[in-house]
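Note sheet for the following structure.
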Amino acid sequence: LSDNKGLDWNLLGVPNSSGGEEFTEIVLSPAFDEDRTIFFGGKYWSDDGGDHWHVLKALRYGPTWNANSCAWSRPDAIAFHPHYAHEVAAERRRSMMLATKNKVWVSDDGGAAGFRRLGLPPAIEEELAKDASHKCPMLATLGAATYLATPSLAVFASPDFGETWSAVLPPGTRAGEATQLLVDRTTENALLVVTLDRVYRLTP
């Protein structure tokens with residue numbers, strides 16, 4: 001981990017896994033410079049830059065709630081509230097989403113107290129139930145909205161961080177299987193939907 005734009009590097013200590021999983025994905029909080037928060041493998045989080053680690057928990061669910069965490073190796077399995085790092089402290093919302101197999105979870109405090117399962121509308125549930133090589137909802141935050149892509153290549157948008165959803169790329173619009181959802185960093189006003197053999201640029 002580097003605190004000075006790569007001039008110097010420190011070894012990032014990571015937690016030991018008790019289940020033999022291969023965790024590879026490290027996601028930094030959008031407010032990392034301030035809160036020093038890191039998420040590792042969709043199962044652990046640190047609020048001191050990786051010196052100490054805590055297990056992500058769920059509210060009213062057992063310890064295996066995220067046994068099928070998509071964030072083990074997918075950066076698009078975690079999305080942060082559009083106001084997570086708002087410059088005005090009173091406007092900040094430390095909310096985040098985490099994807100597991102066919103499910104999405106939400107935390108209102110950056111994962112500290114725990115996650116609750118997010119109720120998804122039938123249209124999204126139906127798409128996630130379709131056959132695919134993976135079962136991970138793909139998440140991204142762009143502007144004031146949060147987006148969810150299904151492996152069946154449907155994309156939905158939420159203006160209120162998961163309370164309501166509407167289709168921006170309806171099911172059946174294109175053929176193929178979505179494998180990744182990214183924000184187009186060249187303009188930051190579009191999404192990139194990656195399939196097995198193509199990349200679609202979506203401007204909501």
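Here's how to read the names in the structure tokens: chain A, B, ... by the order shown, residue numbers from 1 in each chain, ligand numbers from 1 in the order shown.
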
Taking the chain letters and numbering used in this document, name the residues of chain A that DSSP puts in alpha helix (DSSP H), as a VMD selection string. chain A and resid 32 to 35 122 to 128

Mind listing the strand (DSSP E) residues of region 13-189 of chain A, per DSSP on the backbone, as a ChimeraX atom specification? /A:26-28,38-40,44-46,54-55,78-80,96-100,103-107,116-117,138-142,145-149,155-158,166-169,178-183

Could you save those same residues with C-alpha atoms as a JSON list (two decimals), in the first residue's frame?
```
[["chain", "number", "residue", "atom", "x", "y", "z"],
["A", 26, "ILE", "CA", -8.94, -5.35, -2.62],
["A", 27, "VAL", "CA", -11.30, -2.35, -2.78],
["A", 28, "LEU", "CA", -10.52, 1.01, -1.20],
["A", 38, "ILE", "CA", -10.15, -1.20, 2.88],
["A", 39, "PHE", "CA", -12.37, -4.14, 1.90],
["A", 40, "PHE", "CA", -10.70, -7.47, 1.19],
["A", 44, "TYR", "CA", -13.04, -8.56, 5.70],
["A", 45, "TRP", "CA", -12.64, -4.83, 6.26],
["A", 46, "SER", "CA", -10.04, -2.60, 7.88],
["A", 54, "HIS", "CA", -12.61, -7.26, 11.00],
["A", 55, "VAL", "CA", -15.08, -9.76, 9.56],
["A", 78, "ILE", "CA", -19.09, -3.66, -4.23],
["A", 79, "ALA", "CA", -20.72, -0.27, -4.82],
["A", 80, "PHE", "CA", -20.69, 2.84, -2.67],
["A", 96, "MET", "CA", -22.47, 0.46, 0.47],
["A", 97, "MET", "CA", -23.75, -2.59, -1.41],
["A", 98, "LEU", "CA", -22.17, -6.03, -1.56],
["A", 99, "ALA", "CA", -23.12, -8.76, -4.01],
["A", 100, "THR", "CA", -23.29, -12.47, -3.24],
["A", 103, "LYS", "CA", -28.36, -11.51, -3.84],
["A", 104, "VAL", "CA", -27.45, -7.94, -2.93],
["A", 105, "TRP", "CA", -26.78, -6.70, 0.60],
["A", 106, "VAL", "CA", -26.62, -3.14, 1.91],
["A", 107, "SER", "CA", -24.94, -1.51, 4.90],
["A", 116, "ARG", "CA", -29.06, -6.44, 5.59],
["A", 117, "ARG", "CA", -30.41, -8.21, 2.55],
["A", 138, "MET", "CA", -22.63, -6.57, -10.96],
["A", 139, "LEU", "CA", -22.73, -3.14, -9.29],
["A", 140, "ALA", "CA", -21.49, 0.35, -10.13],
["A", 141, "THR", "CA", -22.13, 3.91, -8.99],
["A", 142, "LEU", "CA", -22.24, 6.62, -11.62],
["A", 145, "ALA", "CA", -27.42, 6.61, -9.40],
["A", 146, "THR", "CA", -26.40, 3.05, -8.63],
["A", 147, "TYR", "CA", -26.51, 0.42, -11.37],
["A", 148, "LEU", "CA", -26.97, -3.34, -11.31],
["A", 149, "ALA", "CA", -26.20, -5.58, -14.28],
["A", 155, "VAL", "CA", -29.03, -3.29, -16.57],
["A", 156, "PHE", "CA", -31.11, -1.56, -13.91],
["A", 157, "ALA", "CA", -30.67, 1.82, -12.23],
["A", 158, "SER", "CA", -31.58, 3.02, -8.75],
["A", 166, "SER", "CA", -35.86, 0.81, -13.31],
["A", 167, "ALA", "CA", -34.50, -0.88, -16.44],
["A", 168, "VAL", "CA", -32.02, 1.11, -18.52],
["A", 169, "LEU", "CA", -31.06, -1.87, -20.70],
["A", 178, "ALA", "CA", -22.33, -9.94, -19.09],
["A", 179, "THR", "CA", -19.13, -10.64, -17.20],
["A", 180, "GLN", "CA", -18.25, -7.22, -15.79],
["A", 181, "LEU", "CA", -19.70, -3.75, -15.19],
["A", 182, "LEU", "CA", -17.34, -0.79, -15.15],
["A", 183, "VAL", "CA", -17.48, 3.01, -15.06]]
```

Do a neighbour search on region 84-91 of chain A at 6 Å with only C-alpha atoms, toss out local chain neighbours closer than 3 positions, and write the hits as a ChimeraX atom specification. /A:30-31,81,94

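CA of Ser73 (chain A) is positioned 18.1 Å from CA of Thr37 (chain A).
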
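Between CA of Gly110 (chain A) and CA of Leu202 (chain A) the interatomic distance comes to 28.0 Å.
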
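CA of Leu120 (chain A) is positioned 22.5 Å from CA of Leu192 (chain A).
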
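Shortest separation to His52 (chain A) among A:Thr187, A:Thr64, A:Arg36, A:Gly111 occurs at residue A:Arg36, atoms counted being only C-alpha atoms.
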
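Using only C-alpha atoms, the residues found no farther than 9 Å from Arg74 (chain A), other than those of its own chain fewer than 3 positions away, are Thr24, Glu25, Gly41, Gly42, Cys70, Ala71, Ala77, Ile78, Met138 and Gln180 of chain A.
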